[in-house]
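A.B. asks: This one is model18.txt, compact mmCIF, N, CA and C atoms.
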```txt
# COMPACT_ATOMS: atom_id res chain seq x y z
N MET A 99 -4.88 4.19 22.87
CA MET A 99 -5.54 4.10 21.59
C MET A 99 -7.02 4.47 21.75
N PRO A 100 -7.61 5.03 20.72
CA PRO A 100 -9.03 5.33 20.79
C PRO A 100 -9.86 4.06 20.94
N GLN A 101 -11.02 4.21 21.53
CA GLN A 101 -11.91 3.07 21.73
C GLN A 101 -12.34 2.51 20.37
N GLY A 102 -12.28 1.19 20.24
CA GLY A 102 -12.68 0.54 19.00
C GLY A 102 -11.55 0.38 18.00
N VAL A 103 -10.38 0.93 18.30
CA VAL A 103 -9.23 0.80 17.40
C VAL A 103 -8.24 -0.16 18.04
N GLY A 104 -7.92 -1.22 17.33
CA GLY A 104 -6.98 -2.21 17.84
C GLY A 104 -5.75 -2.29 16.97
N TRP A 105 -4.88 -3.22 17.35
CA TRP A 105 -3.63 -3.38 16.59
C TRP A 105 -3.88 -3.87 15.18
N ALA A 106 -4.97 -4.61 14.96
CA ALA A 106 -5.28 -5.07 13.60
C ALA A 106 -5.56 -3.88 12.68
N ALA A 107 -6.30 -2.90 13.17
CA ALA A 107 -6.60 -1.72 12.36
C ALA A 107 -5.34 -0.90 12.09
N ILE A 108 -4.49 -0.79 13.06
CA ILE A 108 -3.25 -0.03 12.88
C ILE A 108 -2.32 -0.76 11.89
N SER A 109 -2.23 -2.08 12.01
CA SER A 109 -1.39 -2.85 11.08
C SER A 109 -1.93 -2.77 9.67
N GLY A 110 -3.25 -2.85 9.51
CA GLY A 110 -3.87 -2.74 8.19
C GLY A 110 -3.64 -1.38 7.57
N THR A 111 -3.70 -0.35 8.39
CA THR A 111 -3.44 0.99 7.89
C THR A 111 -1.99 1.13 7.45
N GLY A 112 -1.09 0.49 8.18
CA GLY A 112 0.32 0.49 7.77
C GLY A 112 0.52 -0.20 6.43
N LEU A 113 -0.22 -1.29 6.21
CA LEU A 113 -0.15 -1.96 4.91
C LEU A 113 -0.69 -1.05 3.80
N LEU A 114 -1.74 -0.32 4.09
CA LEU A 114 -2.28 0.61 3.10
C LEU A 114 -1.31 1.73 2.76
N ALA A 115 -0.43 2.06 3.69
CA ALA A 115 0.55 3.12 3.44
C ALA A 115 1.54 2.72 2.34
N GLY A 116 1.65 1.44 2.05
CA GLY A 116 2.54 0.98 0.99
C GLY A 116 2.05 1.35 -0.39
N ILE A 117 0.82 1.83 -0.50
CA ILE A 117 0.27 2.18 -1.81
C ILE A 117 0.91 3.45 -2.37
N GLY A 118 1.31 4.36 -1.53
CA GLY A 118 1.86 5.63 -1.99
C GLY A 118 3.07 5.45 -2.89
N SER A 119 2.99 5.97 -4.10
CA SER A 119 4.08 5.73 -5.05
C SER A 119 4.59 7.00 -5.71
N THR A 120 4.02 8.12 -5.42
CA THR A 120 4.42 9.35 -6.09
C THR A 120 5.89 9.68 -5.85
N MET A 121 6.33 9.59 -4.61
CA MET A 121 7.71 9.91 -4.30
C MET A 121 8.66 8.88 -4.89
N SER A 122 8.25 7.62 -4.92
CA SER A 122 9.09 6.57 -5.52
C SER A 122 9.32 6.83 -7.00
N LEU A 123 8.28 7.26 -7.69
CA LEU A 123 8.43 7.56 -9.12
C LEU A 123 9.31 8.78 -9.34
N PHE A 124 9.20 9.76 -8.47
CA PHE A 124 10.04 10.95 -8.57
C PHE A 124 11.52 10.59 -8.39
N ILE A 125 11.81 9.77 -7.38
CA ILE A 125 13.19 9.35 -7.14
C ILE A 125 13.71 8.51 -8.29
N ALA A 126 12.85 7.64 -8.85
CA ALA A 126 13.27 6.82 -9.99
C ALA A 126 13.58 7.70 -11.20
N THR A 127 12.81 8.77 -11.37
CA THR A 127 13.08 9.69 -12.47
C THR A 127 14.45 10.34 -12.30
N LEU A 128 14.78 10.75 -11.08
CA LEU A 128 16.08 11.36 -10.82
C LEU A 128 17.21 10.35 -10.98
N ALA A 129 16.96 9.11 -10.58
CA ALA A 129 18.03 8.10 -10.61
C ALA A 129 18.29 7.56 -12.00
N PHE A 130 17.23 7.32 -12.77
CA PHE A 130 17.39 6.63 -14.04
C PHE A 130 17.16 7.50 -15.27
N GLY A 131 16.51 8.65 -15.11
CA GLY A 131 16.16 9.44 -16.28
C GLY A 131 15.16 8.68 -17.13
N ASP A 132 15.21 8.85 -18.42
CA ASP A 132 14.33 8.09 -19.30
C ASP A 132 15.09 6.87 -19.80
N GLY A 133 14.37 5.81 -20.05
CA GLY A 133 15.02 4.61 -20.59
C GLY A 133 14.51 3.36 -19.91
N LEU A 134 15.22 2.28 -20.15
CA LEU A 134 14.81 0.96 -19.67
C LEU A 134 14.81 0.89 -18.14
N GLY A 135 15.80 1.48 -17.50
CA GLY A 135 15.85 1.46 -16.03
C GLY A 135 14.64 2.13 -15.42
N PHE A 136 14.23 3.25 -15.99
CA PHE A 136 13.05 3.95 -15.48
C PHE A 136 11.78 3.14 -15.71
N ASP A 137 11.68 2.49 -16.87
CA ASP A 137 10.51 1.66 -17.14
C ASP A 137 10.42 0.49 -16.16
N GLN A 138 11.54 -0.11 -15.85
CA GLN A 138 11.55 -1.20 -14.89
C GLN A 138 11.19 -0.69 -13.49
N ALA A 139 11.67 0.48 -13.13
CA ALA A 139 11.34 1.06 -11.82
C ALA A 139 9.85 1.36 -11.73
N LYS A 140 9.26 1.88 -12.81
CA LYS A 140 7.82 2.14 -12.81
C LYS A 140 7.02 0.86 -12.61
N MET A 141 7.43 -0.20 -13.30
CA MET A 141 6.72 -1.48 -13.15
C MET A 141 6.88 -2.03 -11.74
N GLY A 142 8.05 -1.86 -11.15
CA GLY A 142 8.28 -2.32 -9.78
C GLY A 142 7.43 -1.56 -8.78
N VAL A 143 7.35 -0.25 -8.93
CA VAL A 143 6.55 0.57 -8.03
C VAL A 143 5.06 0.25 -8.19
N LEU A 144 4.62 0.10 -9.42
CA LEU A 144 3.22 -0.23 -9.66
C LEU A 144 2.88 -1.61 -9.09
N SER A 145 3.76 -2.57 -9.30
CA SER A 145 3.53 -3.92 -8.77
C SER A 145 3.49 -3.92 -7.24
N ALA A 146 4.39 -3.20 -6.62
CA ALA A 146 4.42 -3.12 -5.16
C ALA A 146 3.17 -2.44 -4.62
N SER A 147 2.68 -1.42 -5.31
CA SER A 147 1.46 -0.72 -4.86
C SER A 147 0.24 -1.64 -4.95
N VAL A 148 0.13 -2.37 -6.04
CA VAL A 148 -1.00 -3.29 -6.19
C VAL A 148 -0.90 -4.41 -5.15
N PHE A 149 0.29 -4.94 -4.94
CA PHE A 149 0.48 -5.99 -3.94
C PHE A 149 0.10 -5.49 -2.56
N SER A 150 0.54 -4.29 -2.21
CA SER A 150 0.23 -3.72 -0.91
C SER A 150 -1.27 -3.53 -0.73
N ALA A 151 -1.95 -3.07 -1.76
CA ALA A 151 -3.39 -2.87 -1.68
C ALA A 151 -4.13 -4.19 -1.48
N VAL A 152 -3.73 -5.22 -2.21
CA VAL A 152 -4.38 -6.53 -2.10
C VAL A 152 -4.14 -7.14 -0.72
N VAL A 153 -2.90 -7.09 -0.24
CA VAL A 153 -2.59 -7.64 1.07
C VAL A 153 -3.36 -6.90 2.17
N ALA A 154 -3.43 -5.57 2.08
CA ALA A 154 -4.18 -4.79 3.06
C ALA A 154 -5.66 -5.13 3.02
N LEU A 155 -6.22 -5.29 1.84
CA LEU A 155 -7.63 -5.63 1.71
C LEU A 155 -7.92 -6.99 2.36
N VAL A 156 -7.10 -7.97 2.06
CA VAL A 156 -7.30 -9.31 2.64
C VAL A 156 -7.11 -9.27 4.16
N PHE A 157 -6.06 -8.61 4.62
CA PHE A 157 -5.78 -8.54 6.05
C PHE A 157 -6.90 -7.85 6.80
N LEU A 158 -7.33 -6.68 6.32
CA LEU A 158 -8.37 -5.94 7.02
C LEU A 158 -9.72 -6.63 6.95
N SER A 159 -10.04 -7.26 5.83
CA SER A 159 -11.34 -7.93 5.72
C SER A 159 -11.42 -9.14 6.64
N ARG A 160 -10.29 -9.75 6.96
CA ARG A 160 -10.30 -10.92 7.84
C ARG A 160 -10.10 -10.58 9.31
N SER A 161 -9.47 -9.45 9.61
CA SER A 161 -9.11 -9.17 11.00
C SER A 161 -10.05 -8.20 11.69
N LEU A 162 -10.69 -7.31 10.97
CA LEU A 162 -11.57 -6.35 11.63
C LEU A 162 -12.93 -6.98 11.89
N PRO A 163 -13.58 -6.58 12.98
CA PRO A 163 -14.90 -7.16 13.27
C PRO A 163 -15.93 -6.72 12.24
N LYS A 164 -16.88 -7.60 12.00
CA LYS A 164 -17.94 -7.30 11.05
C LYS A 164 -18.95 -6.35 11.70
N VAL A 165 -19.42 -5.41 10.91
CA VAL A 165 -20.42 -4.45 11.39
C VAL A 165 -21.79 -5.03 11.08
N PRO A 166 -22.66 -5.16 12.08
CA PRO A 166 -23.99 -5.72 11.79
C PRO A 166 -24.80 -4.80 10.90
N GLU A 167 -25.51 -5.38 9.96
CA GLU A 167 -26.35 -4.60 9.06
C GLU A 167 -27.70 -4.35 9.72
N ASP A 168 -28.28 -3.20 9.43
CA ASP A 168 -29.60 -2.87 10.00
C ASP A 168 -30.70 -3.53 9.23
```
Spit out the file's structure as structure tokens when you get a sec.

C.D. replies:
Amino acid sequence: MPQGVGWAAISGTGLLAGIGSTMSLFIATLAFGDGLGFDQAKMGVLSASVFSAVVALVFLSRSLPKVPED
């Protein structure tokens, strides 16, 4: 691993990867078309993306070392 990069940074980056939702919406469009099922899938994808972003923010803010201010 590069110097200064630890498992906490890699795990946090993995949590941030959960934000990507473009492909999930595309697959939901193919699976459900328009209608209630697609609306529910959109809400699920949006909720999962927000949850992933919040968890990553909390995890990274607590696990990465603080950078001293000048």

A.B. asks: For atom CA of Gly110 of chain A and atom CA of Pro166 of chain A, quote the distance in Å rounded to one decimal.

C.D. replies: 20.7 Å

A.B. asks: Using backbone DSSP assignments, extract all helix (DSSP H, G or I) residues from chain A; output them as a PDB file with N, CA and C atoms, in the coordinates of the input.

C.D. replies:
```
ATOM      1  N   TRP A 105      -4.880  -3.220  17.350  1.00  0.00           N
ATOM      2  CA  TRP A 105      -3.630  -3.380  16.590  1.00  0.00           C
ATOM      3  C   TRP A 105      -3.880  -3.870  15.180  1.00  0.00           C
ATOM      4  N   ALA A 106      -4.970  -4.610  14.960  1.00  0.00           N
ATOM      5  CA  ALA A 106      -5.280  -5.070  13.600  1.00  0.00           C
ATOM      6  C   ALA A 106      -5.560  -3.880  12.680  1.00  0.00           C
ATOM      7  N   ALA A 107      -6.300  -2.900  13.170  1.00  0.00           N
ATOM      8  CA  ALA A 107      -6.600  -1.720  12.360  1.00  0.00           C
ATOM      9  C   ALA A 107      -5.340  -0.900  12.090  1.00  0.00           C
ATOM     10  N   ILE A 108      -4.490  -0.790  13.060  1.00  0.00           N
ATOM     11  CA  ILE A 108      -3.250  -0.030  12.880  1.00  0.00           C
ATOM     12  C   ILE A 108      -2.320  -0.760  11.890  1.00  0.00           C
ATOM     13  N   SER A 109      -2.230  -2.080  12.010  1.00  0.00           N
ATOM     14  CA  SER A 109      -1.390  -2.850  11.080  1.00  0.00           C
ATOM     15  C   SER A 109      -1.930  -2.770   9.670  1.00  0.00           C
ATOM     16  N   GLY A 110      -3.250  -2.850   9.510  1.00  0.00           N
ATOM     17  CA  GLY A 110      -3.870  -2.740   8.190  1.00  0.00           C
ATOM     18  C   GLY A 110      -3.640  -1.380   7.570  1.00  0.00           C
ATOM     19  N   THR A 111      -3.700  -0.350   8.390  1.00  0.00           N
ATOM     20  CA  THR A 111      -3.440   0.990   7.890  1.00  0.00           C
ATOM     21  C   THR A 111      -1.990   1.130   7.450  1.00  0.00           C
ATOM     22  N   GLY A 112      -1.090   0.490   8.180  1.00  0.00           N
ATOM     23  CA  GLY A 112       0.320   0.490   7.770  1.00  0.00           C
ATOM     24  C   GLY A 112       0.520  -0.200   6.430  1.00  0.00           C
ATOM     25  N   LEU A 113      -0.220  -1.290   6.210  1.00  0.00           N
ATOM     26  CA  LEU A 113      -0.150  -1.960   4.910  1.00  0.00           C
ATOM     27  C   LEU A 113      -0.690  -1.050   3.800  1.00  0.00           C
ATOM     28  N   LEU A 114      -1.740  -0.320   4.090  1.00  0.00           N
ATOM     29  CA  LEU A 114      -2.280   0.610   3.100  1.00  0.00           C
ATOM     30  C   LEU A 114      -1.310   1.730   2.760  1.00  0.00           C
ATOM     31  N   ALA A 115      -0.430   2.060   3.690  1.00  0.00           N
ATOM     32  CA  ALA A 115       0.550   3.120   3.440  1.00  0.00           C
ATOM     33  C   ALA A 115       1.540   2.720   2.340  1.00  0.00           C
ATOM     34  N   GLY A 116       1.650   1.440   2.050  1.00  0.00           N
ATOM     35  CA  GLY A 116       2.540   0.980   0.990  1.00  0.00           C
ATOM     36  C   GLY A 116       2.050   1.350  -0.390  1.00  0.00           C
ATOM     37  N   ILE A 117       0.820   1.830  -0.500  1.00  0.00           N
ATOM     38  CA  ILE A 117       0.270   2.180  -1.810  1.00  0.00           C
ATOM     39  C   ILE A 117       0.910   3.450  -2.370  1.00  0.00           C
ATOM     40  N   THR A 120       4.020   8.120  -5.420  1.00  0.00           N
ATOM     41  CA  THR A 120       4.420   9.350  -6.090  1.00  0.00           C
ATOM     42  C   THR A 120       5.890   9.680  -5.850  1.00  0.00           C
ATOM     43  N   MET A 121       6.330   9.590  -4.610  1.00  0.00           N
ATOM     44  CA  MET A 121       7.710   9.910  -4.300  1.00  0.00           C
ATOM     45  C   MET A 121       8.660   8.880  -4.890  1.00  0.00           C
ATOM     46  N   SER A 122       8.250   7.620  -4.920  1.00  0.00           N
ATOM     47  CA  SER A 122       9.090   6.570  -5.520  1.00  0.00           C
ATOM     48  C   SER A 122       9.320   6.830  -7.000  1.00  0.00           C
ATOM     49  N   LEU A 123       8.280   7.260  -7.690  1.00  0.00           N
ATOM     50  CA  LEU A 123       8.430   7.560  -9.120  1.00  0.00           C
ATOM     51  C   LEU A 123       9.310   8.780  -9.340  1.00  0.00           C
ATOM     52  N   PHE A 124       9.200   9.760  -8.470  1.00  0.00           N
ATOM     53  CA  PHE A 124      10.040  10.950  -8.570  1.00  0.00           C
ATOM     54  C   PHE A 124      11.520  10.590  -8.390  1.00  0.00           C
ATOM     55  N   ILE A 125      11.810   9.770  -7.380  1.00  0.00           N
ATOM     56  CA  ILE A 125      13.190   9.350  -7.140  1.00  0.00           C
ATOM     57  C   ILE A 125      13.710   8.510  -8.290  1.00  0.00           C
ATOM     58  N   ALA A 126      12.850   7.640  -8.850  1.00  0.00           N
ATOM     59  CA  ALA A 126      13.270   6.820  -9.990  1.00  0.00           C
ATOM     60  C   ALA A 126      13.580   7.700 -11.200  1.00  0.00           C
ATOM     61  N   THR A 127      12.810   8.770 -11.370  1.00  0.00           N
ATOM     62  CA  THR A 127      13.080   9.690 -12.470  1.00  0.00           C
ATOM     63  C   THR A 127      14.450  10.340 -12.300  1.00  0.00           C
ATOM     64  N   LEU A 128      14.780  10.750 -11.080  1.00  0.00           N
ATOM     65  CA  LEU A 128      16.080  11.360 -10.820  1.00  0.00           C
ATOM     66  C   LEU A 128      17.210  10.350 -10.980  1.00  0.00           C
ATOM     67  N   ALA A 129      16.960   9.110 -10.580  1.00  0.00           N
ATOM     68  CA  ALA A 129      18.030   8.100 -10.610  1.00  0.00           C
ATOM     69  C   ALA A 129      18.290   7.560 -12.000  1.00  0.00           C
ATOM     70  N   PHE A 130      17.230   7.320 -12.770  1.00  0.00           N
ATOM     71  CA  PHE A 130      17.390   6.630 -14.040  1.00  0.00           C
ATOM     72  C   PHE A 130      17.160   7.500 -15.270  1.00  0.00           C
ATOM     73  N   LEU A 134      15.220   2.280 -20.150  1.00  0.00           N
ATOM     74  CA  LEU A 134      14.810   0.960 -19.670  1.00  0.00           C
ATOM     75  C   LEU A 134      14.810   0.890 -18.140  1.00  0.00           C
ATOM     76  N   GLY A 135      15.800   1.480 -17.500  1.00  0.00           N
ATOM     77  CA  GLY A 135      15.850   1.460 -16.030  1.00  0.00           C
ATOM     78  C   GLY A 135      14.640   2.130 -15.420  1.00  0.00           C
ATOM     79  N   PHE A 136      14.230   3.250 -15.990  1.00  0.00           N
ATOM     80  CA  PHE A 136      13.050   3.950 -15.480  1.00  0.00           C
ATOM     81  C   PHE A 136      11.780   3.140 -15.710  1.00  0.00           C
ATOM     82  N   ASP A 137      11.680   2.490 -16.870  1.00  0.00           N
ATOM     83  CA  ASP A 137      10.510   1.660 -17.140  1.00  0.00           C
ATOM     84  C   ASP A 137      10.420   0.490 -16.160  1.00  0.00           C
ATOM     85  N   GLN A 138      11.540  -0.110 -15.850  1.00  0.00           N
ATOM     86  CA  GLN A 138      11.550  -1.200 -14.890  1.00  0.00           C
ATOM     87  C   GLN A 138      11.190  -0.690 -13.490  1.00  0.00           C
ATOM     88  N   ALA A 139      11.670   0.480 -13.130  1.00  0.00           N
ATOM     89  CA  ALA A 139      11.340   1.060 -11.820  1.00  0.00           C
ATOM     90  C   ALA A 139       9.850   1.360 -11.730  1.00  0.00           C
ATOM     91  N   LYS A 140       9.260   1.880 -12.810  1.00  0.00           N
ATOM     92  CA  LYS A 140       7.820   2.140 -12.810  1.00  0.00           C
ATOM     93  C   LYS A 140       7.020   0.860 -12.610  1.00  0.00           C
ATOM     94  N   MET A 141       7.430  -0.200 -13.300  1.00  0.00           N
ATOM     95  CA  MET A 141       6.720  -1.480 -13.150  1.00  0.00           C
ATOM     96  C   MET A 141       6.880  -2.030 -11.740  1.00  0.00           C
ATOM     97  N   GLY A 142       8.050  -1.860 -11.150  1.00  0.00           N
ATOM     98  CA  GLY A 142       8.280  -2.320  -9.780  1.00  0.00           C
ATOM     99  C   GLY A 142       7.430  -1.560  -8.780  1.00  0.00           C
ATOM    100  N   VAL A 143       7.350  -0.250  -8.930  1.00  0.00           N
ATOM    101  CA  VAL A 143       6.550   0.570  -8.030  1.00  0.00           C
ATOM    102  C   VAL A 143       5.060   0.250  -8.190  1.00  0.00           C
ATOM    103  N   LEU A 144       4.620   0.100  -9.420  1.00  0.00           N
ATOM    104  CA  LEU A 144       3.220  -0.230  -9.660  1.00  0.00           C
ATOM    105  C   LEU A 144       2.880  -1.610  -9.090  1.00  0.00           C
ATOM    106  N   SER A 145       3.760  -2.570  -9.300  1.00  0.00           N
ATOM    107  CA  SER A 145       3.530  -3.920  -8.770  1.00  0.00           C
ATOM    108  C   SER A 145       3.490  -3.920  -7.240  1.00  0.00           C
ATOM    109  N   ALA A 146       4.390  -3.200  -6.620  1.00  0.00           N
ATOM    110  CA  ALA A 146       4.420  -3.120  -5.160  1.00  0.00           C
ATOM    111  C   ALA A 146       3.170  -2.440  -4.620  1.00  0.00           C
ATOM    112  N   SER A 147       2.680  -1.420  -5.310  1.00  0.00           N
ATOM    113  CA  SER A 147       1.460  -0.720  -4.860  1.00  0.00           C
ATOM    114  C   SER A 147       0.240  -1.640  -4.950  1.00  0.00           C
ATOM    115  N   VAL A 148       0.130  -2.370  -6.040  1.00  0.00           N
ATOM    116  CA  VAL A 148      -1.000  -3.290  -6.190  1.00  0.00           C
ATOM    117  C   VAL A 148      -0.900  -4.410  -5.150  1.00  0.00           C
ATOM    118  N   PHE A 149       0.290  -4.940  -4.940  1.00  0.00           N
ATOM    119  CA  PHE A 149       0.480  -5.990  -3.940  1.00  0.00           C
ATOM    120  C   PHE A 149       0.100  -5.490  -2.560  1.00  0.00           C
ATOM    121  N   SER A 150       0.540  -4.290  -2.210  1.00  0.00           N
ATOM    122  CA  SER A 150       0.230  -3.720  -0.910  1.00  0.00           C
ATOM    123  C   SER A 150      -1.270  -3.530  -0.730  1.00  0.00           C
ATOM    124  N   ALA A 151      -1.950  -3.070  -1.760  1.00  0.00           N
ATOM    125  CA  ALA A 151      -3.390  -2.870  -1.680  1.00  0.00           C
ATOM    126  C   ALA A 151      -4.130  -4.190  -1.480  1.00  0.00           C
ATOM    127  N   VAL A 152      -3.730  -5.220  -2.210  1.00  0.00           N
ATOM    128  CA  VAL A 152      -4.380  -6.530  -2.100  1.00  0.00           C
ATOM    129  C   VAL A 152      -4.140  -7.140  -0.720  1.00  0.00           C
ATOM    130  N   VAL A 153      -2.900  -7.090  -0.240  1.00  0.00           N
ATOM    131  CA  VAL A 153      -2.590  -7.640   1.070  1.00  0.00           C
ATOM    132  C   VAL A 153      -3.360  -6.900   2.170  1.00  0.00           C
ATOM    133  N   ALA A 154      -3.430  -5.570   2.080  1.00  0.00           N
ATOM    134  CA  ALA A 154      -4.180  -4.790   3.060  1.00  0.00           C
ATOM    135  C   ALA A 154      -5.660  -5.130   3.020  1.00  0.00           C
ATOM    136  N   LEU A 155      -6.220  -5.290   1.840  1.00  0.00           N
ATOM    137  CA  LEU A 155      -7.630  -5.630   1.710  1.00  0.00           C
ATOM    138  C   LEU A 155      -7.920  -6.990   2.360  1.00  0.00           C
ATOM    139  N   VAL A 156      -7.100  -7.970   2.060  1.00  0.00           N
ATOM    140  CA  VAL A 156      -7.300  -9.310   2.640  1.00  0.00           C
ATOM    141  C   VAL A 156      -7.110  -9.270   4.160  1.00  0.00           C
ATOM    142  N   PHE A 157      -6.060  -8.610   4.620  1.00  0.00           N
ATOM    143  CA  PHE A 157      -5.780  -8.540   6.050  1.00  0.00           C
ATOM    144  C   PHE A 157      -6.900  -7.850   6.800  1.00  0.00           C
ATOM    145  N   LEU A 158      -7.330  -6.680   6.320  1.00  0.00           N
ATOM    146  CA  LEU A 158      -8.370  -5.940   7.020  1.00  0.00           C
ATOM    147  C   LEU A 158      -9.720  -6.630   6.950  1.00  0.00           C
ATOM    148  N   SER A 159     -10.040  -7.260   5.830  1.00  0.00           N
ATOM    149  CA  SER A 159     -11.340  -7.930   5.720  1.00  0.00           C
ATOM    150  C   SER A 159     -11.420  -9.140   6.640  1.00  0.00           C
ATOM    151  N   ARG A 160     -10.290  -9.750   6.960  1.00  0.00           N
ATOM    152  CA  ARG A 160     -10.300 -10.920   7.840  1.00  0.00           C
ATOM    153  C   ARG A 160     -10.100 -10.580   9.310  1.00  0.00           C
ATOM    154  N   SER A 161      -9.470  -9.450   9.610  1.00  0.00           N
ATOM    155  CA  SER A 161      -9.110  -9.170  11.000  1.00  0.00           C
ATOM    156  C   SER A 161     -10.050  -8.200  11.690  1.00  0.00           C
TER     157      SER A 161
END
```

A.B. asks: With all atoms listed in the file as the basis for distance, which of A:Gln138, A:Asp132, A:Ser109, A:Gly104 is at the shortest distance from Phe157 of chain A?

C.D. replies: A:Ser109

A.B. asks: Could you check which of A:Met99, A:Ile108, A:Ala115, A:Thr127 is closest to Ala151 of chain A, using only C-alpha atoms?

C.D. replies: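 Residue with the minimum atom-to-atom distance to Ala151 of chain A: A:Ala115.
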
A.B. asks: For each of A:Ala106, A:Thr111, A:Val143, A:Leu158, take the minimum atom-to-atom distance to Ala126 of chain A, counting only C-alpha atoms, then give the residue where this is smallest.

C.D. replies: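 Between A:Ala106, A:Thr111, A:Val143, A:Leu158, the residue approaching Ala126 of chain A most closely is A:Val143.
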
A.B. asks: Please, what distance in Å, to one decimal, runs between atom CA of Leu123 of chain A and atom CA of Ser150 of chain A?

C.D. replies: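 Computed distance, atom CA of Leu123 of chain A to atom CA of Ser150 of chain A, equals 16.2 Å.
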
A.B. asks: Take atom C of Gly102 of chain A and atom N of Leu162 of chain A and report the distance between them in Å, one decimal.

C.D. replies: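 Pair atom C of Gly102 of chain A / atom N of Leu162 of chain A returns 10.5 Å.
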
A.B. asks: Please identify all polymer residues within 8 Å of Leu113 of chain A, counting all atoms listed in the file, omitting same-chain residues fewer than 5 positions from it, and present them as a list in words.

C.D. replies: Ala107, Ile108, Gly118, Phe149, Ser150, Ala151, Val152, Val153, Ala154 and Leu155 of chain A

A.B. asks: Take the residues from that selection and put them in a file with N, CA and C atoms, as a compact mmCIF listing (two decimals), in the coordinates of the input.

C.D. replies:
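New file selection_6.txt:
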```txt
# COMPACT_ATOMS: atom_id res chain seq x y z
N ALA A 107 -6.30 -2.90 13.17
CA ALA A 107 -6.60 -1.72 12.36
C ALA A 107 -5.34 -0.90 12.09
N ILE A 108 -4.49 -0.79 13.06
CA ILE A 108 -3.25 -0.03 12.88
C ILE A 108 -2.32 -0.76 11.89
N GLY A 118 1.31 4.36 -1.53
CA GLY A 118 1.86 5.63 -1.99
C GLY A 118 3.07 5.45 -2.89
N PHE A 149 0.29 -4.94 -4.94
CA PHE A 149 0.48 -5.99 -3.94
C PHE A 149 0.10 -5.49 -2.56
N SER A 150 0.54 -4.29 -2.21
CA SER A 150 0.23 -3.72 -0.91
C SER A 150 -1.27 -3.53 -0.73
N ALA A 151 -1.95 -3.07 -1.76
CA ALA A 151 -3.39 -2.87 -1.68
C ALA A 151 -4.13 -4.19 -1.48
N VAL A 152 -3.73 -5.22 -2.21
CA VAL A 152 -4.38 -6.53 -2.10
C VAL A 152 -4.14 -7.14 -0.72
N VAL A 153 -2.90 -7.09 -0.24
CA VAL A 153 -2.59 -7.64 1.07
C VAL A 153 -3.36 -6.90 2.17
N ALA A 154 -3.43 -5.57 2.08
CA ALA A 154 -4.18 -4.79 3.06
C ALA A 154 -5.66 -5.13 3.02
N LEU A 155 -6.22 -5.29 1.84
CA LEU A 155 -7.63 -5.63 1.71
C LEU A 155 -7.92 -6.99 2.36
```
